[in-house]
$ cat model20.cif   # mmCIF, C-alpha atoms
data_query
loop_
_atom_site.label_atom_id
_atom_site.label_comp_id
_atom_site.auth_asym_id
_atom_site.auth_seq_id
_atom_site.Cartn_x
_atom_site.Cartn_y
_atom_site.Cartn_z
CA MET O 411 9.69 21.04 2.92
CA SER O 412 6.39 21.97 1.34
CA LEU O 413 3.00 22.56 2.88
CA ASN O 414 0.82 19.56 2.40
CA LEU O 415 -2.12 21.15 0.63
CA ASP O 416 -3.32 17.89 -0.83
CA THR O 417 -6.21 16.60 1.18
CA GLU O 418 -7.17 12.98 1.31
CA ASP O 419 -10.39 13.90 -0.48
CA ASP O 420 -8.58 14.40 -3.75
CA PHE O 421 -7.53 10.83 -4.19
CA TYR O 422 -10.59 8.70 -4.17
CA LEU O 423 -10.83 6.21 -6.96
CA GLU O 424 -13.74 6.65 -9.31
CA GLU O 425 -15.42 3.44 -10.41
CA ASN O 426 -14.62 3.65 -14.10
CA ARG O 427 -11.04 4.38 -13.27
CA PHE O 428 -11.10 1.31 -11.00
CA LYS O 429 -12.20 -0.82 -13.93
CA GLN O 430 -9.53 0.69 -16.16
CA CYS O 431 -6.84 0.00 -13.59
CA CYS O 432 -8.06 -3.58 -13.25
CA ALA O 433 -7.98 -4.04 -17.02
CA GLU O 434 -4.36 -2.88 -17.18
CA PHE O 435 -3.50 -5.02 -14.21
CA ILE O 436 -5.07 -8.12 -15.71
CA LYS O 437 -3.43 -7.51 -19.06
CA HIS O 438 -0.06 -7.62 -17.35
CA SER O 439 -1.10 -10.62 -15.29
CA GLN O 440 -1.88 -12.50 -18.47
CA GLN O 441 1.51 -11.58 -19.91
CA ILE O 442 3.34 -13.07 -16.95
CA GLY O 443 0.92 -15.88 -16.16
CA ASP O 444 0.02 -14.53 -12.73
CA GLY O 445 -3.53 -15.89 -12.85
CA TRP O 446 -5.75 -12.85 -12.29
CA GLU O 447 -9.06 -12.71 -14.11
CA TRP O 448 -11.97 -10.36 -14.39
CA LYS O 449 -15.22 -11.89 -13.27
CA SER O 450 -18.51 -10.27 -14.08
CA ILE O 451 -21.90 -11.21 -12.76
CA LYS O 452 -24.69 -11.79 -15.23
CA ASP O 453 -27.16 -8.89 -15.35
CA PHE O 454 -24.99 -6.78 -13.07
CA PRO O 455 -22.71 -4.00 -14.24
CA ASP O 456 -20.36 -4.86 -11.39
CA GLY O 457 -17.39 -7.09 -11.70
CA TYR O 458 -14.26 -7.92 -9.77
CA MET O 459 -10.76 -9.25 -10.15
CA SER O 460 -10.16 -12.73 -8.95
CA LYS O 461 -7.18 -14.97 -8.36
CA THR O 462 -7.00 -18.48 -7.02
CA HIS O 463 -3.78 -20.15 -6.04
CA PHE O 464 -2.78 -23.29 -4.25
CA GLN O 465 -0.23 -23.72 -1.54
CA MET O 466 0.90 -26.43 0.79
CA LYS O 467 0.35 -25.74 4.44
CA ASN O 468 4.07 -25.19 4.87
CA GLY O 469 4.11 -22.62 2.11
CA ASN O 470 5.43 -24.67 -0.81
CA THR O 471 3.66 -25.12 -4.11
CA PRO O 472 2.31 -28.68 -4.23
CA SER O 473 4.42 -30.84 -6.55
CA ILE O 474 1.37 -32.00 -8.47
CA PHE O 475 1.06 -28.47 -9.80
CA LYS O 476 4.72 -27.75 -10.34
CA ASP O 477 4.92 -29.07 -13.88
CA SER O 478 1.87 -27.19 -15.01
CA THR O 479 3.50 -23.79 -15.41
CA LYS O 480 3.84 -24.18 -19.14
CA GLU O 481 0.58 -26.00 -19.66
CA ASN O 482 -3.00 -24.83 -19.78
CA ASP O 483 -5.63 -25.36 -17.12
CA GLU O 484 -7.14 -28.48 -18.64
CA GLN O 485 -3.87 -30.30 -18.47
CA THR O 486 -3.40 -29.17 -14.91
CA PHE O 487 -6.64 -30.83 -13.92
CA THR O 488 -5.60 -34.00 -15.70
CA HIS O 489 -2.45 -34.12 -13.65
CA VAL O 490 -4.43 -33.71 -10.46
CA GLU O 491 -6.71 -36.59 -11.32
CA GLU O 492 -3.80 -38.79 -12.20
CA ALA O 493 -2.09 -38.02 -8.96
CA LEU O 494 -5.19 -38.83 -6.95
CA ASP O 495 -5.86 -42.05 -8.85
CA ASP O 496 -2.39 -43.33 -8.18
CA SER O 497 -2.04 -44.93 -4.82
CA GLN O 498 1.14 -43.09 -4.13
CA ALA O 499 0.76 -42.44 -0.45
CA SER O 500 2.91 -39.34 -0.38
CA GLU O 501 0.79 -37.50 -2.92
CA ILE O 502 -2.46 -38.44 -1.22
CA CYS O 503 -1.17 -37.24 2.12
CA ALA O 504 0.04 -34.08 0.43
CA THR O 505 -3.38 -33.24 -1.01
CA SER O 506 -4.91 -33.03 2.43
CA GLU O 507 -2.46 -30.26 3.22
CA VAL O 508 -3.08 -28.31 0.06
CA ILE O 509 -4.84 -25.03 0.64
CA ARG O 510 -6.79 -23.15 -1.97
CA TYR O 511 -6.54 -19.39 -1.60
CA GLU O 512 -8.95 -17.07 -3.28
CA TYR O 513 -8.48 -13.32 -3.58
CA HIS O 514 -11.07 -10.93 -4.95
CA VAL O 515 -10.63 -7.24 -5.61
CA LEU O 516 -13.94 -5.41 -5.55
CA TYR O 517 -14.89 -1.77 -5.71
CA SER O 518 -16.48 -0.14 -2.70
CA SER O 519 -18.82 2.64 -3.78
CA SER O 520 -19.30 3.85 -0.25
CA TYR O 521 -15.58 4.31 0.36
CA GLN O 522 -14.63 4.82 -3.29
CA VAL O 523 -11.63 2.57 -3.00
CA PRO O 524 -10.84 -1.03 -3.92
CA VAL O 525 -11.45 -3.68 -1.29
CA LEU O 526 -9.70 -7.01 -0.82
CA TYR O 527 -11.83 -10.04 -0.07
CA PHE O 528 -10.11 -13.35 0.59
CA ARG O 529 -10.77 -16.85 1.79
CA ALA O 530 -8.98 -20.14 1.97
CA CYS O 531 -10.06 -23.75 2.24
CA PHE O 532 -8.60 -27.23 2.13
CA LEU O 533 -9.29 -29.35 -0.92
CA ASP O 534 -12.03 -31.18 0.93
CA GLY O 535 -13.88 -27.88 1.25
CA ARG O 536 -13.15 -27.18 4.91
CA PRO O 537 -12.60 -23.44 5.26
CA LEU O 538 -9.61 -22.04 7.11
CA THR O 539 -10.09 -19.75 10.05
CA LEU O 540 -8.33 -16.41 10.04
CA ASP O 541 -5.75 -17.77 12.47
CA GLU O 542 -5.06 -20.69 10.20
CA ILE O 543 -4.57 -18.32 7.27
CA TRP O 544 -2.15 -16.28 9.28
CA GLU O 545 -0.16 -19.35 10.20
CA GLY O 546 0.85 -19.40 6.57
CA VAL O 547 1.83 -15.75 6.57
CA HIS O 548 5.44 -14.84 7.39
CA GLU O 549 6.19 -13.48 10.85
CA CYS O 550 7.12 -10.02 9.63
CA TYR O 551 3.80 -9.60 7.88
CA ARG O 552 1.98 -10.51 11.04
CA ALA O 553 3.83 -7.79 12.89
CA ARG O 554 2.90 -5.42 10.12
CA LEU O 555 -0.72 -6.45 10.43
CA LEU O 556 -0.70 -5.53 14.08
CA GLU O 557 0.93 -2.19 13.31
CA GLY O 558 -0.72 -1.38 10.01
CA PRO O 559 -3.54 0.98 9.18
CA TRP O 560 -5.91 -1.89 8.54
CA ASP O 561 -7.00 -2.60 12.05
CA THR O 562 -10.03 -4.50 10.88
CA ILE O 563 -10.20 -7.79 9.15
CA THR O 564 -13.73 -8.98 9.40
CA GLN O 565 -15.75 -11.77 7.95
CA GLN O 566 -18.48 -10.54 5.68
CA GLU O 567 -20.79 -11.71 3.00
CA HIS O 568 -19.31 -11.22 -0.44
CA PRO O 569 -21.48 -8.51 -2.04
CA LEU O 570 -21.74 -10.32 -5.35
CA LEU O 571 -21.43 -13.99 -4.44
CA GLY O 572 -23.20 -13.96 -1.10
CA GLN O 573 -20.62 -16.27 0.49
CA PRO O 574 -18.55 -15.57 3.59
CA PHE O 575 -15.17 -13.99 2.93
CA PHE O 576 -12.62 -12.23 5.04
CA VAL O 577 -12.33 -8.55 4.21
CA LEU O 578 -9.58 -6.04 4.76
CA HIS O 579 -11.67 -3.06 5.82
CA PRO O 580 -11.35 -0.15 3.40
CA CYS O 581 -11.83 2.72 5.81
CA ARG O 582 -8.10 3.50 6.14
CA THR O 583 -7.20 2.88 2.49
CA ASN O 584 -7.28 6.51 1.50
CA GLU O 585 -4.93 7.32 4.36
CA PHE O 586 -2.05 5.28 3.08
CA MET O 587 -2.77 5.81 -0.60
CA ALA O 588 -3.01 9.60 -0.47
CA PRO O 589 0.72 10.37 -0.04
CA VAL O 590 1.68 8.02 -2.88
CA LEU O 591 -0.92 9.55 -5.18
CA ALA O 592 -0.01 13.10 -4.20
CA ASN O 593 3.60 12.36 -4.93
CA SER O 594 2.85 10.89 -8.32
CA GLN O 595 0.65 13.81 -9.20
CA ARG O 596 3.42 16.22 -8.26
CA GLU O 597 5.83 14.35 -10.46
CA ASN O 598 3.35 13.99 -13.33
CA ARG O 599 3.56 10.23 -13.25
CA ASN O 600 0.68 7.93 -14.02
CA ILE O 601 0.28 5.18 -11.51
CA ASN O 602 -2.09 2.28 -11.44
CA TYR O 603 -4.05 2.73 -8.20
CA VAL O 604 -5.01 -0.93 -7.99
CA THR O 605 -1.43 -2.14 -8.50
CA SER O 606 -0.04 0.21 -5.87
CA TRP O 607 -2.80 -0.58 -3.42
CA LEU O 608 -2.53 -4.32 -3.85
CA SER O 609 1.24 -4.23 -3.47
CA ILE O 610 0.72 -2.71 -0.03
CA VAL O 611 -2.17 -4.76 1.33
CA GLY O 612 -1.46 -8.04 -0.42
CA PRO O 613 1.56 -9.31 1.55
CA VAL O 614 -0.37 -8.99 4.78
CA VAL O 615 -2.73 -11.73 3.66
CA GLY O 616 -0.18 -13.85 1.88
CA LEU O 617 -0.56 -12.33 -1.57
CA ASN O 618 2.69 -11.13 -3.10
CA LEU O 619 2.80 -9.36 -6.42
CA PRO O 620 5.72 -10.13 -8.75
CA LEU O 621 8.01 -7.16 -9.23
CA SER O 622 7.20 -6.88 -12.93
CA TYR O 623 3.95 -5.13 -12.03
CA ALA O 624 6.03 -2.21 -10.83
CA LYS O 625 7.90 -2.08 -14.13
CA LEU O 626 4.61 -1.89 -16.00
CA VAL O 627 3.94 1.57 -14.63
CA SER O 628 7.38 2.90 -15.51
CA GLU O 629 7.07 1.69 -19.08
CA GLN O 630 3.81 3.58 -19.43
CA ASN O 631 5.44 6.69 -18.07
CA THR O 632 8.32 6.42 -20.50
CA LYS O 633 5.87 6.17 -23.36
CA THR O 634 4.00 9.29 -22.30
CA ASP O 635 7.19 11.36 -21.82
CA MET V 1154 29.37 10.82 0.83
CA LEU V 1155 28.02 7.33 0.93
CA HIS V 1156 27.54 5.41 4.13
CA ALA V 1157 27.68 1.69 4.47
CA LEU V 1158 24.78 0.02 6.15
CA VAL V 1159 26.54 -3.17 7.01
CA SER V 1160 24.28 -4.47 9.69
CA PRO V 1161 22.54 -2.52 12.42
CA GLY V 1162 23.39 -3.99 15.74
CA ARG V 1163 22.30 -3.19 19.19
CA GLY V 1164 23.20 0.27 20.35
CA TRP V 1165 23.55 1.59 16.86
CA ASP V 1166 22.52 5.16 16.29
CA GLY V 1167 23.38 8.01 14.00
CA ARG V 1168 26.04 9.39 16.31
CA THR V 1169 27.87 6.10 16.71
CA ALA V 1170 27.78 5.71 12.99
CA ALA V 1171 29.22 9.14 12.35
CA ASN V 1172 31.97 8.56 14.92
CA SER V 1173 32.95 5.26 13.37
CA LEU V 1174 33.10 6.80 9.96
CA SER V 1175 35.32 9.65 10.97
CA ARG V 1176 37.67 7.24 12.69
CA HIS V 1177 38.14 5.35 9.49
CA GLU V 1178 38.51 8.21 7.11
CA GLY V 1179 42.25 8.00 7.38
CA VAL V 1180 42.57 4.24 7.13
CA GLY V 1181 44.21 3.94 3.79
CA GLY V 1182 41.55 6.28 2.42
CA ALA V 1183 38.70 5.47 0.10
CA GLY V 1184 39.56 2.76 -2.36
CA SER V 1185 42.23 1.24 -0.16
CA VAL V 1186 42.47 -2.47 0.38
CA ALA V 1187 42.34 -1.84 4.11
CA ALA V 1188 39.01 -0.07 3.82
CA GLU V 1189 37.63 -2.88 1.66
CA LEU V 1190 38.75 -5.55 4.04
CA CYS V 1191 37.28 -3.70 6.98
CA VAL V 1192 33.82 -3.59 5.50
CA ARG V 1193 34.00 -7.18 4.34
CA ARG V 1194 35.08 -8.41 7.74
CA ALA V 1195 32.65 -6.18 9.55
CA ALA V 1196 29.80 -7.69 7.62
CA TYR V 1197 30.64 -10.98 9.27
CA ALA V 1198 31.97 -9.73 12.53
CA TRP V 1199 29.30 -7.30 13.60
CA GLY V 1200 28.23 -8.12 17.08
CA ARG V 1201 31.75 -8.31 18.38
CA GLY V 1202 31.70 -4.56 18.25
CA SER V 1203 35.22 -3.88 17.07
CA CYS V 1204 37.01 -3.41 13.84
CA LEU V 1205 39.12 -6.25 12.58
CA CYS V 1206 41.20 -3.98 10.46
CA ARG V 1207 44.79 -4.28 11.52
CA ARG V 1208 45.21 -0.58 11.88
CA CYS V 1209 42.75 0.03 14.67
CA ALA V 1210 40.50 -1.59 17.20
CA ALA V 1211 37.83 1.08 16.94
CA PRO V 1212 34.18 0.07 16.86
CA LEU V 1213 33.47 -0.37 13.22
CA PHE V 1214 30.20 0.34 11.67
CA LEU V 1215 30.54 2.58 8.72
CA HIS V 1216 32.98 3.01 5.94
CA SER V 1217 33.23 5.30 3.01
CA PRO V 1218 33.04 2.82 0.19
CA ALA V 1219 35.42 3.30 -2.71
CA PRO V 1220 34.21 3.84 -6.29
CA HIS V 1221 33.92 0.20 -7.23
CA PRO V 1222 34.09 -2.03 -4.21
CA ALA V 1223 30.34 -1.81 -3.71
CA SER V 1224 29.73 -4.65 -6.16
CA ALA V 1225 32.74 -6.58 -4.89
CA LEU V 1226 31.39 -6.37 -1.38
CA ALA V 1227 27.83 -7.18 -2.44
CA LEU V 1228 26.53 -3.75 -1.56
CA VAL V 1229 24.23 -1.57 -3.60
CA ASP V 1230 23.88 2.18 -3.46
CA VAL V 1231 20.46 3.27 -2.34
CA LEU V 1232 18.95 6.76 -2.32
CA LEU V 1233 16.11 7.19 0.13
CA LYS V 1234 13.47 9.81 -0.58
CA ALA V 1235 10.65 10.84 1.73
CA VAL V 1236 7.07 11.00 0.53
CA GLY V 1237 4.29 13.16 1.97
CA ASP V 1238 4.88 14.55 5.43
CA THR V 1239 7.28 11.78 6.38
CA PRO V 1240 10.41 13.14 8.04
CA ILE V 1241 13.35 13.47 5.71
CA MET V 1242 16.43 11.52 6.63
CA LYS V 1243 19.53 13.64 7.07
CA THR V 1244 21.55 10.99 5.32
CA LYS V 1245 19.86 9.94 2.14
CA LYS V 1246 22.53 7.90 0.44
CA TRP V 1247 23.36 4.48 1.80
CA SER V 1248 25.28 1.42 0.76
CA VAL V 1249 23.16 -1.57 1.60
CA GLU V 1250 23.93 -5.30 1.43
CA ARG V 1251 22.27 -6.98 -1.50
CA THR V 1252 20.64 -9.51 0.77
CA ARG V 1253 19.01 -6.98 3.04
CA THR V 1254 15.25 -7.30 2.81
CA ILE V 1255 12.70 -4.54 2.51
CA GLN V 1256 11.52 -5.39 6.00
CA GLY V 1257 15.06 -4.97 7.27
CA LEU V 1258 15.28 -1.59 5.58
CA VAL V 1259 11.91 -0.58 7.03
CA ASP V 1260 13.12 -1.46 10.54
CA PHE V 1261 16.29 0.53 9.95
CA ILE V 1262 14.53 3.67 8.70
CA LYS V 1263 11.98 3.49 11.51
CA LYS V 1264 14.78 3.37 14.06
CA PHE V 1265 16.67 6.15 12.31
CA LEU V 1266 13.61 8.39 12.24
CA LYS V 1267 12.62 7.32 15.74
CA LEU V 1268 9.14 6.32 14.69
CA VAL V 1269 6.93 4.68 17.27
CA ALA V 1270 6.08 1.03 16.84
CA SER V 1271 2.48 1.73 15.88
CA GLU V 1272 3.49 3.90 12.93
CA GLN V 1273 3.83 1.98 9.74
CA LEU V 1274 6.46 2.71 7.12
CA PHE V 1275 6.18 1.72 3.47
CA ILE V 1276 8.93 1.57 0.90
CA TYR V 1277 8.23 2.01 -2.81
CA VAL V 1278 10.07 1.42 -6.04
CA ASN V 1279 9.13 3.58 -9.03
CA GLN V 1280 7.37 5.82 -6.50
CA SER V 1281 4.34 3.61 -6.70
CA PHE V 1282 4.92 -0.05 -5.96
CA ALA V 1283 5.57 -1.58 -2.55
CA PRO V 1284 7.75 -4.68 -2.88
CA SER V 1285 7.01 -7.60 -0.54
CA PRO V 1286 8.74 -7.34 2.83
CA ASP V 1287 11.02 -10.27 2.06
CA GLN V 1288 12.16 -8.89 -1.29
CA GLU V 1289 15.93 -8.31 -1.37
CA VAL V 1290 17.53 -4.96 -2.12
CA GLY V 1291 19.91 -6.62 -4.58
CA THR V 1292 17.03 -7.90 -6.70
CA LEU V 1293 15.35 -4.50 -6.62
CA TYR V 1294 18.56 -2.86 -7.71
CA GLU V 1295 18.84 -5.23 -10.66
CA CYS V 1296 15.28 -4.48 -11.73
CA PHE V 1297 14.94 -0.80 -10.93
CA GLY V 1298 18.41 0.58 -10.44
CA SER V 1299 19.74 3.24 -12.77
CA ASP V 1300 22.84 5.42 -12.84
CA GLY V 1301 24.43 2.99 -10.41
CA LYS V 1302 21.85 3.42 -7.67
CA LEU V 1303 18.43 2.35 -6.53
CA VAL V 1304 15.98 5.08 -5.62
CA LEU V 1305 13.50 4.09 -2.94
CA HIS V 1306 10.69 6.26 -1.65
CA TYR V 1307 9.49 5.79 1.90
CA CYS V 1308 6.31 6.96 3.50
CA LYS V 1309 4.91 6.69 6.97
CA SER V 1310 1.27 6.17 7.66
CA GLN V 1311 -0.55 7.59 10.61
CA ALA V 1312 -0.47 5.80 13.89
CA TRP V 1313 -3.51 3.95 15.11
CA GLY V 1314 -6.32 5.65 16.91
#
$ encode --input "model20.cif" --output "structure tokens"
Amino acid sequence: MSLNLDTEDDFYLEENRFKQCCAEFIKHSQQIGDGWEWKSIKDFPDGYMSKTHFQMKNGNTPSIFKDSTKENDEQTFTHVEEALDDSQASEICATSEVIRYEYHVLYSSSYQVPVLYFRACFLDGRPLTLDEIWEGVHECYRARLLEGPWDTITQQEHPLLGQPFFVLHPCRTNEFMAPVLANSQRENRNINYVTSWLSIVGPVVGLNLPLSYAKLVSEQNTKTD
Amino acid sequence: MLHALVSPGRGWDGRTAANSLSRHEGVGGAGSVAAELCVRRAAYAWGRGSCLCRRCAAPLFLHSPAPHPASALALVDVLLKAVGDTPIMKTKKWSVERTRTIQGLVDFIKKFLKLVASEQLFIYVNQSFAPSPDQEVGTLYECFGSDGKLVLHYCKSQAWG
């Protein structure tokens, strides 16, 4: 049992490092088709990671999107239009239950940590309330939300887009990241802060990272050994 | 010595577990068919509170798994390591059903360490990545296991307030 000399102050994420971590993260996302992109704002040095995905209200992927996994975005949109033009009642009913989730990972200079912004809306543009979003989140995650070190989800204006988003408040981020970072430092392992952080906070708001993101880090470590 | 985490039922605690184990040490010994059958049956019979092995009617919870029945019984060997100032578990090596989820394992460790409900526990693979709560241990073992076991790090976060 060792004395814990590592203070939480040692593990803040510097902005350039944030951007580096995002770049690695997105590179892997592209390899596995996970849909994350870097968005930058014209004339601003700031940027953020963004992902949009669609889900049925009951949690399934809508069938109109199911065949698109091997196709590019343009063809996906074609399929959507075809489905809506057809008078197939089942598909039209289904589209009203399709929810568009948007997740943005921004950098908070005041807290020096990443921050998760998210919102969801139906295809007709009607936004979901926080309760409605949580209806789509598994029971065990809801319990975790009540217990977790993220006691604040608030609605705020997106700092770069100026639109209302829900935000997982970053004030406790350093608390749960510090032990992981301290451990990795002790073991001389490189970890991707953004990947680790998102793997922890993501499930709480319905965002699950495929396991291959975890393998990415270990491959990098093997290369540096 | 490896312990089998078949399924935590009501009234389970470390002492009950240890008692069960010692009672079964002599049942055909490790690697015996009797021991294998016991664990297999217990996985389905937990809740009735007693061993279905023909040799005894003792409350069954734990068994010393034999060298190779782990895969036959759909169990994987897991090594739990504490991170930060999280309490270290006295027993670190466990045999866990493949279908047990991360959330299930979190609940188990929290009970074992007697954490309060408001304390959160995270489990990591590769010391850095928290799998989703509904991820199964079997899948994690296939992706991250080495030397016949899966190493998982666990860390508690401070309670609220």
$ closest_atom_pairs --input "model20.cif" --of "chain V" --to "chain O" --cutoff "12 Å" --atoms "only C-alpha atoms" --output "CSV"
residue,atom,partner,partner_atom,distance
V:Lys1234,CA,O:Asn593,CA,11.1
V:Ala1235,CA,O:Asn593,CA,9.8
V:Val1236,CA,O:Pro589,CA,6.4
V:Gly1237,CA,O:Pro589,CA,5.0
V:Asp1238,CA,O:Asn414,CA,7.1
V:Thr1239,CA,O:Pro589,CA,9.3
V:Pro1240,CA,O:Met411,CA,9.4
V:Ile1241,CA,O:Met411,CA,8.9
V:Thr1254,CA,O:Cys550,CA,11.0
V:Ile1255,CA,O:Cys550,CA,10.6
V:Gln1256,CA,O:Cys550,CA,7.3
V:Gly1257,CA,O:Cys550,CA,9.7
V:Val1259,CA,O:Arg554,CA,10.7
V:Asp1260,CA,O:Cys550,CA,10.5
V:Leu1268,CA,O:Glu557,CA,11.9
V:Val1269,CA,O:Glu557,CA,9.9
V:Ala1270,CA,O:Glu557,CA,7.0
V:Ser1271,CA,O:Glu557,CA,4.9
V:Glu1272,CA,O:Glu557,CA,6.6
V:Gln1273,CA,O:Gly558,CA,5.7
V:Leu1274,CA,O:Gly558,CA,8.8
V:Phe1275,CA,O:Ile610,CA,7.9
V:Ile1276,CA,O:Ile610,CA,9.3
V:Tyr1277,CA,O:Val590,CA,8.9
V:Val1278,CA,O:Ala624,CA,7.2
V:Asn1279,CA,O:Ser628,CA,6.7
V:Gln1280,CA,O:Ser594,CA,7.0
V:Ser1281,CA,O:Ser606,CA,5.6
V:Phe1282,CA,O:Ser606,CA,5.0
V:Ala1283,CA,O:Ser609,CA,5.2
V:Pro1284,CA,O:Ser609,CA,6.6
V:Ser1285,CA,O:Pro613,CA,6.1
V:Pro1286,CA,O:Tyr551,CA,7.4
V:Asp1287,CA,O:Cys550,CA,8.5
V:Gln1288,CA,O:Leu621,CA,9.1
V:Glu1289,CA,O:Leu621,CA,11.2
V:Thr1292,CA,O:Leu621,CA,9.4
V:Leu1293,CA,O:Leu621,CA,8.2
V:Tyr1294,CA,O:Leu621,CA,11.5
V:Glu1295,CA,O:Leu621,CA,11.1
V:Cys1296,CA,O:Lys625,CA,8.1
V:Phe1297,CA,O:Lys625,CA,7.8
V:Gly1298,CA,O:Lys625,CA,11.5
V:His1306,CA,O:Val590,CA,9.3
V:Tyr1307,CA,O:Val590,CA,9.4
V:Cys1308,CA,O:Pro589,CA,7.4
V:Lys1309,CA,O:Phe586,CA,8.1
V:Ser1310,CA,O:Phe586,CA,5.7
V:Gln1311,CA,O:Pro559,CA,7.4
V:Ala1312,CA,O:Pro559,CA,7.4
V:Trp1313,CA,O:Pro559,CA,6.6
V:Gly1314,CA,O:Pro559,CA,9.4
$ atom_distance --input "model20.cif" --atom1 "atom CA of O:His568" --atom2 "atom CA of O:Tyr527"
7.6 Å
$ closest_residue --input "model20.cif" --among "V:Val1304, V:Ser1299, V:Lys1263, V:Ala1227" --to "V:Glu1250" --atoms "only C-alpha atoms"
V:Ala1227
$ atom_distance --input "model20.cif" --atom1 "atom CA of O:Ser439" --atom2 "atom CA of O:Leu526"
17.2 Å
$ closest_residue --input "model20.cif" --among "O:Glu512, O:Cys432, O:Gln566, O:Asn598" --to "O:Thr462" --atoms "only C-alpha atoms"
O:Glu512
$ decode --input "model20.cif" --residues "stretch 1266-1280 of chain V" --atoms "N, CA and C atoms" --output "PDB file, in the first residue's frame"
ATOM      1  N   LEU V1266     -16.431  -5.191  -0.930  1.00  0.00           N
ATOM      2  CA  LEU V1266     -15.649  -4.159  -0.245  1.00  0.00           C
ATOM      3  C   LEU V1266     -16.498  -3.332   0.714  1.00  0.00           C
ATOM      4  N   LYS V1267     -17.784  -3.646   0.754  1.00  0.00           N
ATOM      5  CA  LYS V1267     -18.707  -2.929   1.627  1.00  0.00           C
ATOM      6  C   LYS V1267     -18.710  -1.431   1.343  1.00  0.00           C
ATOM      7  N   LEU V1268     -18.767  -1.098   0.073  1.00  0.00           N
ATOM      8  CA  LEU V1268     -18.850   0.314  -0.280  1.00  0.00           C
ATOM      9  C   LEU V1268     -20.282   0.796  -0.084  1.00  0.00           C
ATOM     10  N   VAL V1269     -20.424   2.085   0.218  1.00  0.00           N
ATOM     11  CA  VAL V1269     -21.782   2.609   0.362  1.00  0.00           C
ATOM     12  C   VAL V1269     -22.351   2.876  -1.029  1.00  0.00           C
ATOM     13  N   ALA V1270     -23.649   2.931  -1.091  1.00  0.00           N
ATOM     14  CA  ALA V1270     -24.336   3.058  -2.381  1.00  0.00           C
ATOM     15  C   ALA V1270     -23.901   4.293  -3.165  1.00  0.00           C
ATOM     16  N   SER V1271     -23.566   5.358  -2.459  1.00  0.00           N
ATOM     17  CA  SER V1271     -23.221   6.592  -3.171  1.00  0.00           C
ATOM     18  C   SER V1271     -21.806   6.592  -3.738  1.00  0.00           C
ATOM     19  N   GLU V1272     -21.010   5.591  -3.359  1.00  0.00           N
ATOM     20  CA  GLU V1272     -19.667   5.502  -3.928  1.00  0.00           C
ATOM     21  C   GLU V1272     -19.745   4.755  -5.251  1.00  0.00           C
ATOM     22  N   GLN V1273     -19.071   5.277  -6.213  1.00  0.00           N
ATOM     23  CA  GLN V1273     -19.117   4.670  -7.532  1.00  0.00           C
ATOM     24  C   GLN V1273     -17.868   3.835  -7.758  1.00  0.00           C
ATOM     25  N   LEU V1274     -18.013   2.718  -8.435  1.00  0.00           N
ATOM     26  CA  LEU V1274     -16.868   1.871  -8.724  1.00  0.00           C
ATOM     27  C   LEU V1274     -16.750   1.704 -10.234  1.00  0.00           C
ATOM     28  N   PHE V1275     -15.557   1.885 -10.742  1.00  0.00           N
ATOM     29  CA  PHE V1275     -15.319   1.693 -12.174  1.00  0.00           C
ATOM     30  C   PHE V1275     -14.402   0.508 -12.391  1.00  0.00           C
ATOM     31  N   ILE V1276     -14.642  -0.184 -13.488  1.00  0.00           N
ATOM     32  CA  ILE V1276     -13.774  -1.302 -13.861  1.00  0.00           C
ATOM     33  C   ILE V1276     -13.127  -0.962 -15.190  1.00  0.00           C
ATOM     34  N   TYR V1277     -11.827  -1.268 -15.309  1.00  0.00           N
ATOM     35  CA  TYR V1277     -11.094  -0.943 -16.529  1.00  0.00           C
ATOM     36  C   TYR V1277     -10.415  -2.155 -17.131  1.00  0.00           C
ATOM     37  N   VAL V1278     -10.360  -2.198 -18.451  1.00  0.00           N
ATOM     38  CA  VAL V1278      -9.480  -3.145 -19.121  1.00  0.00           C
ATOM     39  C   VAL V1278      -8.277  -2.336 -19.592  1.00  0.00           C
ATOM     40  N   ASN V1279      -7.133  -3.024 -19.770  1.00  0.00           N
ATOM     41  CA  ASN V1279      -5.924  -2.300 -20.188  1.00  0.00           C
ATOM     42  C   ASN V1279      -5.615  -1.107 -19.299  1.00  0.00           C
ATOM     43  N   GLN V1280      -6.072  -1.153 -18.060  1.00  0.00           N
ATOM     44  CA  GLN V1280      -5.814  -0.093 -17.081  1.00  0.00           C
ATOM     45  C   GLN V1280      -6.338   1.277 -17.486  1.00  0.00           C
TER      46      GLN V1280
END
